[in-house]
Amino acid sequence: MLAQTVRRIGLAAGFSMLLATAPAVDACVNGPMPTYIAAAIADSARPAADVERDANRKPGEVLAFAGVKPGDRVADYAAGNRYFTRLFSGIVGAQGHVYASVPASLFQYENIVKGIADIQAYIVKHPNVSVTAGSAIDVARFPEKLDLFWISQNYHDLHDPFMGPVDMKAFNRAVYAALKPGGVYIVLDHVAAKGSPADVTDTLHRIEPSTVRREVEAAGFEFVGGSDLLANPADPHTAGPFNAAIRGHTDQFIFKFRRPLR
């Protein structure tokens, strides 16, 4: 059951866990999957390649954990492959909006260029989506306050030379400023083994969950909870996510933070 996968403590790197308690997560994850999430996943217009990824990505449970709902303003940061952008669009509906946000540094990769081209074609019939591109921090700023800021499998990239690297204090402060009071910040990424060198973000495309928590909380966010929906204890954490031996089955953590209401 989904409720059993939600923990009140953050997943630690490798085989251990962070021992910090956290407030209860949103009640919506404890009941049936919301119909608007189920409908977005079941949309027959979704590309076959996206549907094939559902088994590994568990979008229903993951998006229920995030708490996204109709009418929300959502940032899909580093939205290079369009997978979540399409789902967000279907969930937030005509009264919501999705900002597919792309750091310019990612355009050196062919798959990102193709993914953004696909999103731009998608926008023609889905005006609740827009694409923004620019510096890593500039595209974390938006014309309206957000309900959800989402970054999936790309937070680690912000630490890498090809991205700058990005000033993480400034980045997380920009995310904080972009959200409404009570707005949610979701970080989903590949787990690095505890005690990994700093360049593990570049060599293995992984990051220690404790690093993410420390950086995000330093910007003023409250830690709501973590989920082990995408955890894989069998992952040895010695190969990157593009390695054929582990691709699609890496140990991943999902952290949920909130901008305080006060």
# chains A, B, ... in the order shown; residues from 1 in each chain; ligands from 1
call {"tool": "select_by_dssp", "arguments": {"residues": "range 21-165 of chain A", "states": "strand (DSSP E)", "output": "MDAnalysis selection string"}}
result
chainID A and resid 73:77 97:103 129:134 146:152
call {"tool": "residues_around", "arguments": {"residues": "range 233-236 of chain A", "least_positions_apart": "6", "cutoff": "10 Å", "atoms": "only C-alpha atoms", "output": "PyMOL selection string"}}
result
chain A and resi 14-15+191-193+245-246+249-252
call {"tool": "select_by_dssp", "arguments": {"residues": "range 4-225 of chain A", "states": "alpha helix (DSSP H)", "output": "VMD selection string"}}
result
chain A and resid 4 to 5 35 to 42 48 to 57 59 to 66 83 to 92 110 to 123 168 to 178 200 to 203 209 to 218
call {"tool": "residues_around", "arguments": {"residues": "Thr85 in chain A", "least_positions_apart": "2", "cutoff": "10 Å", "atoms": "only C-alpha atoms", "output": "list in words"}}
result
Val74, Ala75, Asp76, Tyr77, Ala79, Gly80, Asn81, Arg82, Tyr83, Leu87, Phe88, Ser89, Gly90, Ile91, Val98, Tyr99, Ala100, Ser101, Ile119, Tyr122, Val129 and Ser130 of chain A
call {"tool": "atom_distance", "arguments": {"atom1": "CA of Ala104 in chain A", "atom2": "CA of Met168 in chain A"}}
result
16.9 Å
call {"tool": "residues_around", "arguments": {"residues": "range 52-60 of chain A", "least_positions_apart": "3", "cutoff": "7 Å", "atoms": "only C-alpha atoms", "output": "ChimeraX atom specification"}}
result
/A:33,37-38,48-49,63-64,248
call {"tool": "write_last_selection", "arguments": {"atoms": "N, CA and C atoms", "output": "short mmCIF file (atom, residue, chain, number, x, y, z; two decimals), in the first residue's frame"}}
result
data_model
loop_
_atom_site.label_atom_id
_atom_site.label_comp_id
_atom_site.auth_asym_id
_atom_site.auth_seq_id
_atom_site.Cartn_x
_atom_site.Cartn_y
_atom_site.Cartn_z
N MET A 33 -5.87 6.41 -4.95
CA MET A 33 -5.24 7.37 -5.85
C MET A 33 -6.28 8.36 -6.35
N ILE A 37 -5.31 12.09 -11.06
CA ILE A 37 -4.00 11.52 -11.36
C ILE A 37 -4.16 10.26 -12.20
N ALA A 38 -5.11 9.41 -11.80
CA ALA A 38 -5.36 8.18 -12.56
C ALA A 38 -5.76 8.50 -13.99
N ALA A 48 3.77 6.05 -26.37
CA ALA A 48 4.05 4.68 -25.92
C ALA A 48 5.33 4.61 -25.10
N ALA A 49 6.32 5.43 -25.46
CA ALA A 49 7.59 5.42 -24.72
C ALA A 49 7.39 5.86 -23.28
N LEU A 63 3.16 10.85 -7.81
CA LEU A 63 2.47 12.13 -7.92
C LEU A 63 1.45 12.33 -6.80
N ALA A 64 0.90 11.24 -6.29
CA ALA A 64 0.03 11.36 -5.13
C ALA A 64 0.85 11.81 -3.92
N GLY A 248 17.21 2.09 -15.10
CA GLY A 248 15.80 1.91 -14.80
C GLY A 248 15.54 1.27 -13.45
#
call {"tool": "closest_residue", "arguments": {"among": "A:Ala239, A:Val113, A:Val187, A:Val139", "to": "Ala66 in chain A", "atoms": "only C-alpha atoms"}}
result
A:Val187
call {"tool": "atom_distance", "arguments": {"atom1": "CA of Arg173 in chain A", "atom2": "CA of Gly134 in chain A"}}
result
17.3 Å
call {"tool": "residues_around", "arguments": {"residues": "range 197-207 of chain A", "least_positions_apart": "5", "cutoff": "10 Å", "atoms": "only C-alpha atoms", "output": "list of chain:residue names"}}
result
A:Ala13, A:Gln153, A:Asn154, A:Tyr155, A:His156, A:Asp157, A:Leu158, A:His159, A:Asp160, A:Pro161, A:Phe162, A:Asp189, A:His190, A:Val191, A:Ala192, A:Val212, A:His237, A:Thr238, A:Ala239, A:Gly240, A:Pro241, A:Phe242, A:Asn243, A:Thr250, A:Asp251, A:Gln252, A:Phe253
call {"tool": "closest_residue", "arguments": {"among": "A:Arg86, A:Lys145, A:His126, A:Lys114", "to": "Leu179 in chain A", "atoms": "only C-alpha atoms"}}
result
A:Lys145
call {"tool": "closest_residue", "arguments": {"among": "A:Arg46, A:Lys125, A:Arg73, A:Arg262", "to": "Trp150 in chain A", "atoms": "only C-alpha atoms"}}
result
A:Arg73
call {"tool": "atom_distance", "arguments": {"atom1": "CA of Ala219 in chain A", "atom2": "CA of Val62 in chain A"}}
result
24.1 Å
call {"tool": "residues_around", "arguments": {"residues": "Pro260 in chain A", "least_positions_apart": "3", "cutoff": "9 Å", "atoms": "only C-alpha atoms", "output": "MDAnalysis selection string"}}
result
chainID A and resid 181:183 220:222
